[in-house]
file upload20.pdb (PDB, C-alpha atoms, pLDDT in the B column)
ATOM      1  CA  VAL T 578     -28.918 -37.798  13.235  1.00 33.00           C
ATOM      2  CA  ALA T 579     -28.841 -41.080  11.363  1.00 36.00           C
ATOM      3  CA  PHE T 580     -30.637 -41.156   8.067  1.00 46.00           C
ATOM      4  CA  PHE T 581     -30.477 -44.100   5.784  1.00 50.00           C
ATOM      5  CA  PHE T 582     -31.344 -43.052   2.294  1.00 53.00           C
ATOM      6  CA  PHE T 583     -32.284 -46.250   0.565  1.00 47.00           C
ATOM      7  CA  GLN T 584     -35.981 -46.855   0.181  1.00 44.00           C
ATOM      8  CA  GLN T 585     -35.431 -50.322  -1.227  1.00 45.00           C
ATOM      9  CA  GLN T 586     -33.850 -51.539   1.956  1.00 53.00           C
ATOM     10  CA  THR T 587     -35.649 -54.695   3.005  1.00 56.00           C
ATOM     11  CA  THR T 588     -32.974 -56.604   4.858  1.00 67.00           C
ATOM     12  CA  ASN T 589     -30.954 -56.025   8.008  1.00 76.00           C
ATOM     13  CA  THR T 590     -28.273 -58.577   7.164  1.00 82.00           C
ATOM     14  CA  VAL T 591     -25.025 -57.867   5.431  1.00 80.00           C
ATOM     15  CA  GLU T 592     -25.237 -59.211   1.900  1.00 85.00           C
ATOM     16  CA  GLU T 593     -23.149 -56.952  -0.283  1.00 90.00           C
ATOM     17  CA  PRO T 594     -20.230 -54.595   0.256  1.00 90.00           C
ATOM     18  CA  LEU T 595     -22.482 -51.528   0.446  1.00 92.00           C
ATOM     19  CA  ASP T 596     -24.188 -53.108   3.420  1.00 91.00           C
ATOM     20  CA  LEU T 597     -20.923 -52.815   5.316  1.00 91.00           C
ATOM     21  CA  ILE T 598     -21.110 -49.072   4.916  1.00 94.00           C
ATOM     22  CA  ARG T 599     -24.646 -49.190   6.247  1.00 92.00           C
ATOM     23  CA  LEU T 600     -23.206 -50.532   9.511  1.00 92.00           C
ATOM     24  CA  SER T 601     -21.241 -47.295   9.874  1.00 93.00           C
ATOM     25  CA  LEU T 602     -24.227 -44.967   9.599  1.00 94.00           C
ATOM     26  CA  ASP T 603     -24.128 -42.261  12.256  1.00 95.00           C
ATOM     27  CA  GLU T 604     -20.643 -43.377  13.210  1.00 95.00           C
ATOM     28  CA  ARG T 605     -17.429 -41.537  12.567  1.00 97.00           C
ATOM     29  CA  ILE T 606     -15.635 -42.890   9.528  1.00 97.00           C
ATOM     30  CA  TYR T 607     -12.475 -42.412   7.566  1.00 97.00           C
ATOM     31  CA  VAL T 608     -12.755 -41.783   3.826  1.00 98.00           C
ATOM     32  CA  LYS T 609      -9.776 -41.921   1.508  1.00 97.00           C
ATOM     33  CA  MET T 610     -10.339 -39.860  -1.613  1.00 98.00           C
ATOM     34  CA  ARG T 611      -8.570 -39.264  -4.876  1.00 97.00           C
ATOM     35  CA  ASN T 612      -5.920 -36.576  -5.120  1.00 96.00           C
ATOM     36  CA  ASP T 613      -4.335 -37.419  -1.761  1.00 96.00           C
ATOM     37  CA  ARG T 614      -7.291 -36.311   0.300  1.00 97.00           C
ATOM     38  CA  GLU T 615      -8.749 -37.851   3.411  1.00 97.00           C
ATOM     39  CA  LEU T 616     -11.917 -37.095   5.269  1.00 98.00           C
ATOM     40  CA  ARG T 617     -12.859 -37.906   8.820  1.00 97.00           C
ATOM     41  CA  GLY T 618     -16.432 -37.274   9.780  1.00 98.00           C
ATOM     42  CA  ARG T 619     -19.772 -38.645  10.905  1.00 97.00           C
ATOM     43  CA  LEU T 620     -21.621 -40.523   8.182  1.00 97.00           C
ATOM     44  CA  HIS T 621     -25.195 -39.267   7.909  1.00 96.00           C
ATOM     45  CA  ALA T 622     -26.190 -40.709   4.545  1.00 96.00           C
ATOM     46  CA  TYR T 623     -24.838 -42.420   1.483  1.00 96.00           C
ATOM     47  CA  ASP T 624     -26.115 -43.836  -1.787  1.00 95.00           C
ATOM     48  CA  GLN T 625     -25.104 -46.451  -4.335  1.00 95.00           C
ATOM     49  CA  HIS T 626     -22.663 -44.069  -6.009  1.00 96.00           C
ATOM     50  CA  LEU T 627     -20.974 -43.492  -2.660  1.00 97.00           C
ATOM     51  CA  ASN T 628     -22.188 -39.920  -2.651  1.00 97.00           C
ATOM     52  CA  MET T 629     -22.097 -39.192   1.066  1.00 97.00           C
ATOM     53  CA  ILE T 630     -23.197 -36.643   3.582  1.00 97.00           C
ATOM     54  CA  LEU T 631     -20.659 -36.226   6.342  1.00 97.00           C
ATOM     55  CA  GLY T 632     -20.990 -34.098   9.455  1.00 97.00           C
ATOM     56  CA  ASP T 633     -18.203 -32.479  11.519  1.00 97.00           C
ATOM     57  CA  VAL T 634     -15.698 -33.226   8.804  1.00 98.00           C
ATOM     58  CA  GLU T 635     -11.978 -32.776   8.887  1.00 98.00           C
ATOM     59  CA  GLU T 636     -10.383 -32.800   5.438  1.00 98.00           C
ATOM     60  CA  THR T 637      -6.676 -33.534   5.143  1.00 97.00           C
ATOM     61  CA  VAL T 638      -4.868 -32.719   1.905  1.00 97.00           C
ATOM     62  CA  THR T 639      -1.369 -34.174   1.667  1.00 96.00           C
ATOM     63  CA  THR T 640       1.252 -32.752  -0.632  1.00 94.00           C
ATOM     64  CA  ILE T 641       4.816 -33.808  -1.283  1.00 92.00           C
ATOM     65  CA  GLU T 642       7.451 -31.163  -1.715  1.00 92.00           C
ATOM     66  CA  ILE T 643      10.895 -31.982  -2.991  1.00 93.00           C
ATOM     67  CA  ASP T 644      13.745 -30.159  -1.281  1.00 92.00           C
ATOM     68  CA  GLU T 645      15.760 -28.398  -3.981  1.00 91.00           C
ATOM     69  CA  GLU T 646      19.138 -29.291  -2.530  1.00 92.00           C
ATOM     70  CA  THR T 647      18.747 -32.587  -0.729  1.00 93.00           C
ATOM     71  CA  TYR T 648      16.005 -33.936  -3.009  1.00 91.00           C
ATOM     72  CA  GLU T 649      14.321 -35.396  -0.001  1.00 93.00           C
ATOM     73  CA  GLU T 650      10.548 -35.704  -0.004  1.00 93.00           C
ATOM     74  CA  ILE T 651       8.788 -33.493   2.502  1.00 93.00           C
ATOM     75  CA  TYR T 652       5.222 -34.514   3.315  1.00 93.00           C
ATOM     76  CA  LYS T 653       2.975 -31.599   4.144  1.00 94.00           C
ATOM     77  CA  SER T 654      -0.663 -31.819   5.078  1.00 95.00           C
ATOM     78  CA  THR T 655      -3.310 -29.114   5.212  1.00 96.00           C
ATOM     79  CA  LYS T 656      -6.427 -29.603   7.286  1.00 97.00           C
ATOM     80  CA  ARG T 657      -9.715 -27.820   7.373  1.00 97.00           C
ATOM     81  CA  ASN T 658     -13.031 -28.362   9.130  1.00 98.00           C
ATOM     82  CA  ILE T 659     -16.458 -28.258   7.548  1.00 98.00           C
ATOM     83  CA  PRO T 660     -19.686 -28.655   9.562  1.00 98.00           C
ATOM     84  CA  MET T 661     -21.735 -30.499   6.917  1.00 98.00           C
ATOM     85  CA  LEU T 662     -20.425 -31.741   3.622  1.00 98.00           C
ATOM     86  CA  PHE T 663     -21.886 -33.475   0.596  1.00 98.00           C
ATOM     87  CA  VAL T 664     -19.226 -35.596  -1.110  1.00 98.00           C
ATOM     88  CA  ARG T 665     -19.571 -36.719  -4.721  1.00 98.00           C
ATOM     89  CA  GLY T 666     -19.047 -40.463  -4.895  1.00 98.00           C
ATOM     90  CA  ASP T 667     -16.673 -40.636  -7.820  1.00 97.00           C
ATOM     91  CA  GLY T 668     -13.927 -39.119  -5.678  1.00 97.00           C
ATOM     92  CA  VAL T 669     -14.188 -41.788  -2.999  1.00 98.00           C
ATOM     93  CA  VAL T 670     -11.508 -44.481  -2.914  1.00 98.00           C
ATOM     94  CA  LEU T 671     -12.251 -46.264   0.340  1.00 96.00           C
ATOM     95  CA  VAL T 672     -14.403 -46.061   3.446  1.00 96.00           C
ATOM     96  CA  ALA T 673     -13.302 -47.425   6.812  1.00 95.00           C
ATOM     97  CA  PRO T 674     -13.722 -46.987  10.551  1.00 88.00           C
ATOM     98  CA  PRO T 675     -11.511 -44.171  11.834  1.00 85.00           C
ATOM     99  CA  LEU T 676      -7.853 -45.131  11.984  1.00 72.00           C
ATOM    100  CA  ARG T 677      -6.385 -45.426  15.443  1.00 64.00           C
ATOM    101  CA  VAL T 678      -3.327 -43.224  15.728  1.00 59.00           C
ATOM    102  CA  GLY T 679      -0.172 -44.622  17.331  1.00 45.00           C
TER     103      GLY T 679
ATOM    104  CA  MET H 573     -40.910 -27.090  -5.437  1.00 73.00           C
ATOM    105  CA  GLU H 574     -38.635 -27.544  -8.346  1.00 84.00           C
ATOM    106  CA  VAL H 575     -39.114 -30.978  -9.826  1.00 92.00           C
ATOM    107  CA  SER H 576     -37.565 -31.977 -13.111  1.00 93.00           C
ATOM    108  CA  HIS H 577     -39.899 -32.292 -16.081  1.00 92.00           C
ATOM    109  CA  SER H 578     -38.201 -35.478 -17.178  1.00 94.00           C
ATOM    110  CA  VAL H 579     -39.296 -38.902 -15.940  1.00 93.00           C
ATOM    111  CA  LYS H 580     -35.781 -40.214 -16.311  1.00 94.00           C
ATOM    112  CA  GLU H 581     -34.307 -37.435 -14.200  1.00 95.00           C
ATOM    113  CA  ARG H 582     -36.979 -37.769 -11.544  1.00 95.00           C
ATOM    114  CA  THR H 583     -36.234 -41.474 -11.202  1.00 94.00           C
ATOM    115  CA  ILE H 584     -32.499 -40.969 -11.049  1.00 95.00           C
ATOM    116  CA  ALA H 585     -32.841 -38.222  -8.466  1.00 95.00           C
ATOM    117  CA  GLU H 586     -35.309 -40.151  -6.357  1.00 94.00           C
ATOM    118  CA  ASN H 587     -32.839 -43.009  -5.976  1.00 94.00           C
ATOM    119  CA  SER H 588     -29.724 -41.067  -5.044  1.00 95.00           C
ATOM    120  CA  LEU H 589     -28.489 -38.321  -2.752  1.00 96.00           C
ATOM    121  CA  VAL H 590     -28.655 -35.766  -5.560  1.00 97.00           C
ATOM    122  CA  ILE H 591     -32.162 -35.177  -4.318  1.00 96.00           C
ATOM    123  CA  LEU H 592     -30.729 -33.387  -1.314  1.00 97.00           C
ATOM    124  CA  LEU H 593     -28.788 -31.038  -3.556  1.00 97.00           C
ATOM    125  CA  GLN H 594     -31.962 -30.343  -5.507  1.00 97.00           C
ATOM    126  CA  GLY H 595     -33.555 -29.296  -2.260  1.00 96.00           C
ATOM    127  CA  LEU H 596     -30.894 -26.621  -1.778  1.00 97.00           C
ATOM    128  CA  HIS H 597     -32.666 -24.433  -4.317  1.00 96.00           C
ATOM    129  CA  SER H 598     -32.273 -20.730  -3.381  1.00 96.00           C
ATOM    130  CA  HIS H 599     -29.770 -21.458  -0.622  1.00 97.00           C
ATOM    131  CA  VAL H 600     -26.343 -19.870  -0.719  1.00 98.00           C
ATOM    132  CA  THR H 601     -23.831 -22.689  -0.810  1.00 98.00           C
ATOM    133  CA  THR H 602     -20.208 -23.292  -1.651  1.00 98.00           C
ATOM    134  CA  VAL H 603     -19.313 -25.849  -4.287  1.00 98.00           C
ATOM    135  CA  ASP H 604     -15.761 -27.184  -4.296  1.00 98.00           C
ATOM    136  CA  LEU H 605     -14.825 -28.179  -7.803  1.00 98.00           C
ATOM    137  CA  ARG H 606     -12.601 -31.023  -8.888  1.00 97.00           C
ATOM    138  CA  ASP H 607      -9.908 -28.619 -10.011  1.00 96.00           C
ATOM    139  CA  GLU H 608      -9.572 -27.104  -6.528  1.00 95.00           C
ATOM    140  CA  SER H 609     -11.497 -23.937  -7.382  1.00 98.00           C
ATOM    141  CA  THR H 610     -14.556 -22.957  -5.361  1.00 98.00           C
ATOM    142  CA  ALA H 611     -17.808 -21.237  -6.236  1.00 98.00           C
ATOM    143  CA  THR H 612     -20.121 -19.664  -3.654  1.00 98.00           C
ATOM    144  CA  GLY H 613     -23.535 -18.567  -4.809  1.00 98.00           C
ATOM    145  CA  ARG H 614     -27.263 -19.075  -4.704  1.00 98.00           C
ATOM    146  CA  VAL H 615     -28.342 -22.442  -6.111  1.00 98.00           C
ATOM    147  CA  THR H 616     -30.771 -21.927  -8.976  1.00 98.00           C
ATOM    148  CA  ASN H 617     -30.864 -25.490 -10.287  1.00 97.00           C
ATOM    149  CA  VAL H 618     -29.422 -28.925  -9.704  1.00 98.00           C
ATOM    150  CA  ASP H 619     -30.312 -31.740 -12.092  1.00 97.00           C
ATOM    151  CA  ALA H 620     -30.147 -35.497 -11.682  1.00 97.00           C
ATOM    152  CA  PHE H 621     -26.582 -35.547 -13.007  1.00 97.00           C
ATOM    153  CA  MET H 622     -25.464 -33.082 -10.331  1.00 98.00           C
ATOM    154  CA  ASN H 623     -25.004 -30.290 -12.891  1.00 98.00           C
ATOM    155  CA  VAL H 624     -25.299 -27.154 -10.766  1.00 98.00           C
ATOM    156  CA  ARG H 625     -26.413 -23.660 -11.688  1.00 98.00           C
ATOM    157  CA  LEU H 626     -25.487 -20.866  -9.304  1.00 98.00           C
ATOM    158  CA  ALA H 627     -26.345 -17.153  -9.335  1.00 98.00           C
ATOM    159  CA  GLU H 628     -24.498 -14.160  -7.854  1.00 98.00           C
ATOM    160  CA  VAL H 629     -21.345 -16.184  -7.606  1.00 98.00           C
ATOM    161  CA  THR H 630     -18.040 -15.511  -5.940  1.00 98.00           C
ATOM    162  CA  TYR H 631     -15.623 -17.726  -7.817  1.00 98.00           C
ATOM    163  CA  THR H 632     -12.159 -18.432  -6.453  1.00 98.00           C
ATOM    164  CA  ASP H 633      -9.898 -20.147  -8.948  1.00 96.00           C
ATOM    165  CA  ARG H 634      -7.048 -22.570  -8.225  1.00 94.00           C
ATOM    166  CA  GLN H 635      -4.557 -19.753  -7.833  1.00 96.00           C
ATOM    167  CA  GLY H 636      -6.803 -17.914  -5.388  1.00 95.00           C
ATOM    168  CA  THR H 637      -7.948 -15.198  -7.765  1.00 97.00           C
ATOM    169  CA  VAL H 638     -11.441 -14.062  -6.832  1.00 98.00           C
ATOM    170  CA  SER H 639     -13.988 -13.015  -9.401  1.00 98.00           C
ATOM    171  CA  HIS H 640     -17.712 -12.336  -9.444  1.00 98.00           C
ATOM    172  CA  LEU H 641     -20.094 -13.905 -11.883  1.00 98.00           C
ATOM    173  CA  ASP H 642     -23.793 -13.382 -12.409  1.00 98.00           C
ATOM    174  CA  GLU H 643     -24.294 -17.029 -13.239  1.00 98.00           C
ATOM    175  CA  LEU H 644     -22.185 -20.159 -13.198  1.00 98.00           C
ATOM    176  CA  PHE H 645     -22.878 -23.628 -14.548  1.00 98.00           C
ATOM    177  CA  VAL H 646     -20.838 -26.488 -13.113  1.00 98.00           C
ATOM    178  CA  THR H 647     -20.888 -29.913 -14.748  1.00 98.00           C
ATOM    179  CA  GLY H 648     -21.772 -32.675 -12.325  1.00 98.00           C
ATOM    180  CA  ARG H 649     -18.502 -34.476 -12.974  1.00 98.00           C
ATOM    181  CA  ASN H 650     -16.578 -31.429 -11.820  1.00 98.00           C
ATOM    182  CA  VAL H 651     -18.192 -31.285  -8.408  1.00 98.00           C
ATOM    183  CA  ARG H 652     -16.039 -32.537  -5.552  1.00 98.00           C
ATOM    184  CA  TYR H 653     -17.913 -31.228  -2.509  1.00 98.00           C
ATOM    185  CA  VAL H 654     -21.025 -29.212  -1.757  1.00 98.00           C
ATOM    186  CA  HIS H 655     -21.032 -27.433   1.583  1.00 98.00           C
ATOM    187  CA  ILE H 656     -24.461 -27.850   3.114  1.00 97.00           C
ATOM    188  CA  PRO H 657     -25.560 -24.608   4.820  1.00 97.00           C
ATOM    189  CA  ASP H 658     -26.131 -24.816   8.571  1.00 95.00           C
ATOM    190  CA  GLU H 659     -29.770 -23.783   8.267  1.00 95.00           C
ATOM    191  CA  VAL H 660     -30.667 -26.776   6.087  1.00 96.00           C
ATOM    192  CA  ASP H 661     -32.482 -29.668   7.730  1.00 95.00           C
ATOM    193  CA  ILE H 662     -31.290 -32.564   5.616  1.00 95.00           C
ATOM    194  CA  ARG H 663     -33.945 -35.106   6.453  1.00 94.00           C
ATOM    195  CA  ALA H 664     -36.788 -32.605   5.976  1.00 95.00           C
ATOM    196  CA  THR H 665     -35.347 -31.357   2.702  1.00 96.00           C
ATOM    197  CA  ILE H 666     -35.094 -34.843   1.232  1.00 95.00           C
ATOM    198  CA  GLU H 667     -38.609 -35.747   2.367  1.00 95.00           C
ATOM    199  CA  ARG H 668     -39.974 -32.535   0.874  1.00 95.00           C
ATOM    200  CA  GLN H 669     -38.323 -33.267  -2.474  1.00 96.00           C
ATOM    201  CA  LEU H 670     -39.640 -36.824  -2.503  1.00 94.00           C
ATOM    202  CA  GLN H 671     -43.143 -35.583  -1.745  1.00 94.00           C
ATOM    203  CA  ALA H 672     -42.901 -33.091  -4.588  1.00 94.00           C
ATOM    204  CA  ILE H 673     -41.971 -35.905  -6.966  1.00 93.00           C
ATOM    205  CA  HIS H 674     -44.842 -38.045  -5.736  1.00 90.00           C
ATOM    206  CA  ARG H 675     -47.257 -35.171  -6.208  1.00 90.00           C
ATOM    207  CA  VAL H 676     -46.144 -34.804  -9.798  1.00 89.00           C
ATOM    208  CA  ARG H 677     -46.210 -38.516 -10.425  1.00 86.00           C
ATOM    209  CA  TYR H 678     -49.702 -39.128  -9.083  1.00 85.00           C
ATOM    210  CA  PHE H 679     -51.198 -35.970 -10.535  1.00 84.00           C
ATOM    211  CA  GLY H 680     -54.772 -36.511 -11.634  1.00 81.00           C
ATOM    212  CA  GLY H 681     -55.375 -39.369  -9.251  1.00 79.00           C
ATOM    213  CA  ARG H 682     -54.471 -42.991  -9.134  1.00 75.00           C
ATOM    214  CA  ASP H 683     -56.476 -44.208 -12.081  1.00 78.00           C
ATOM    215  CA  LYS H 684     -56.377 -41.099 -14.182  1.00 77.00           C
ATOM    216  CA  GLY H 685     -53.671 -39.521 -16.222  1.00 75.00           C
ATOM    217  CA  ARG H 686     -50.670 -41.040 -17.910  1.00 78.00           C
ATOM    218  CA  LYS H 687     -49.002 -43.625 -15.722  1.00 80.00           C
ATOM    219  CA  GLU H 688     -45.278 -43.330 -15.194  1.00 79.00           C
ATOM    220  CA  PHE H 689     -44.755 -46.962 -14.347  1.00 78.00           C
ATOM    221  CA  PRO H 690     -47.123 -49.852 -15.208  1.00 78.00           C
ATOM    222  CA  ARG H 691     -49.130 -51.234 -12.354  1.00 74.00           C
ATOM    223  CA  THR H 692     -48.099 -54.681 -11.204  1.00 74.00           C
ATOM    224  CA  LYS H 693     -49.541 -57.337 -13.465  1.00 70.00           C
ATOM    225  CA  HIS H 694     -51.438 -60.208 -11.909  1.00 69.00           C
ATOM    226  CA  LYS H 695     -50.575 -63.643 -13.159  1.00 61.00           C
TER     227      LYS H 695
END
call {"tool": "encode", "arguments": {"input": "upload20.pdb", "output": "structure tokens"}}
result
Amino acid sequence: VAFFFFQQQTTNTVEEPLDLIRLSLDERIYVKMRNDRELRGRLHAYDQHLNMILGDVEETVTTIEIDEETYEEIYKSTKRNIPMLFVRGDGVVLVAPPLRVG
Amino acid sequence: MEVSHSVKERTIAENSLVILLQGLHSHVTTVDLRDESTATGRVTNVDAFMNVRLAEVTYTDRQGTVSHLDELFVTGRNVRYVHIPDEVDIRATIERQLQAIHRVRYFGGRDKGRKEFPRTKHK
């Protein structure tokens, strides 16, 4: 379900950076957030603050643990799935098409 | 429908996705806070700044300790996520909220009552 929440929309061309996000409506996107979080989900709606509604979301939280003896950095990630999520815009760092793995 | 009594808040809400959250009134939802704690409860109010009031709340703090609160107020800035319940139809909810605002705005008819915004001036 694609829903573009922006009543003032009068143009179909890309004029400003937010218009690039409009191109991704109803597509799966990758969102990098603050605090080492990433979201992958289907973009249903967004606004000028980058508040977003994402469907079928997978959230990845990455933490770094330091090994006590070897002092090496161990990257751990925790994932969880949420069917429909409202994301507050001030946590969003970047929005992109989903990354291709490998 | 629960529409804010403030013109400023109505305008802010009408132009952002907060309006969806306002439509979640009386739904049981989970709010993930910025500090990694979570609060699950019935939404009693959401204002234009995303401040959220919940009732009958199960609050899980950062350490995982669960507690129960009759009411909880979360500042908008401290919201990270809001889980939208499965039963909510997003498009319908937003349209309903917008209609409620329009009903309040045009109360009394087009040419009666206090106008919220001036009509376009003709040159």
call {"tool": "atom_distance", "arguments": {"input": "upload20.pdb", "atom1": "CA of Arg582 (chain H)", "atom2": "CA of Gly666 (chain T)"}}
result
19.3 Å
call {"tool": "residues_around", "arguments": {"input": "upload20.pdb", "residues": "region 625-627 of chain T", "least_positions_apart": "3", "cutoff": "9 Å", "atoms": "only C-alpha atoms", "output": "CSV table (one decimal) with C-alpha atoms, in the coordinates of the input"}}
result
chain,number,residue,atom,x,y,z
T,583,PHE,CA,-32.3,-46.2,0.6
T,595,LEU,CA,-22.5,-51.5,0.4
T,664,VAL,CA,-19.2,-35.6,-1.1
T,665,ARG,CA,-19.6,-36.7,-4.7
T,666,GLY,CA,-19.0,-40.5,-4.9
T,667,ASP,CA,-16.7,-40.6,-7.8
T,668,GLY,CA,-13.9,-39.1,-5.7
T,669,VAL,CA,-14.2,-41.8,-3.0
H,587,ASN,CA,-32.8,-43.0,-6.0
H,588,SER,CA,-29.7,-41.1,-5.0
H,589,LEU,CA,-28.5,-38.3,-2.8
call {"tool": "resolve_selection", "arguments": {"input": "upload20.pdb", "expression": "the PyMOL selection byres ((chain T and resi 646-661) around 12)", "output": "VMD selection string"}}
result
(chain T and resid 613 to 622 629 to 645 662 to 664) or (chain H and resid 601 to 602 604 653 to 662)
call {"tool": "atom_distance", "arguments": {"input": "upload20.pdb", "atom1": "CA of Glu608 (chain H)", "atom2": "CA of Arg634 (chain H)"}}
result
5.5 Å
call {"tool": "atom_distance", "arguments": {"input": "upload20.pdb", "atom1": "CA of Arg691 (chain H)", "atom2": "CA of Asn589 (chain T)"}}
result
27.7 Å
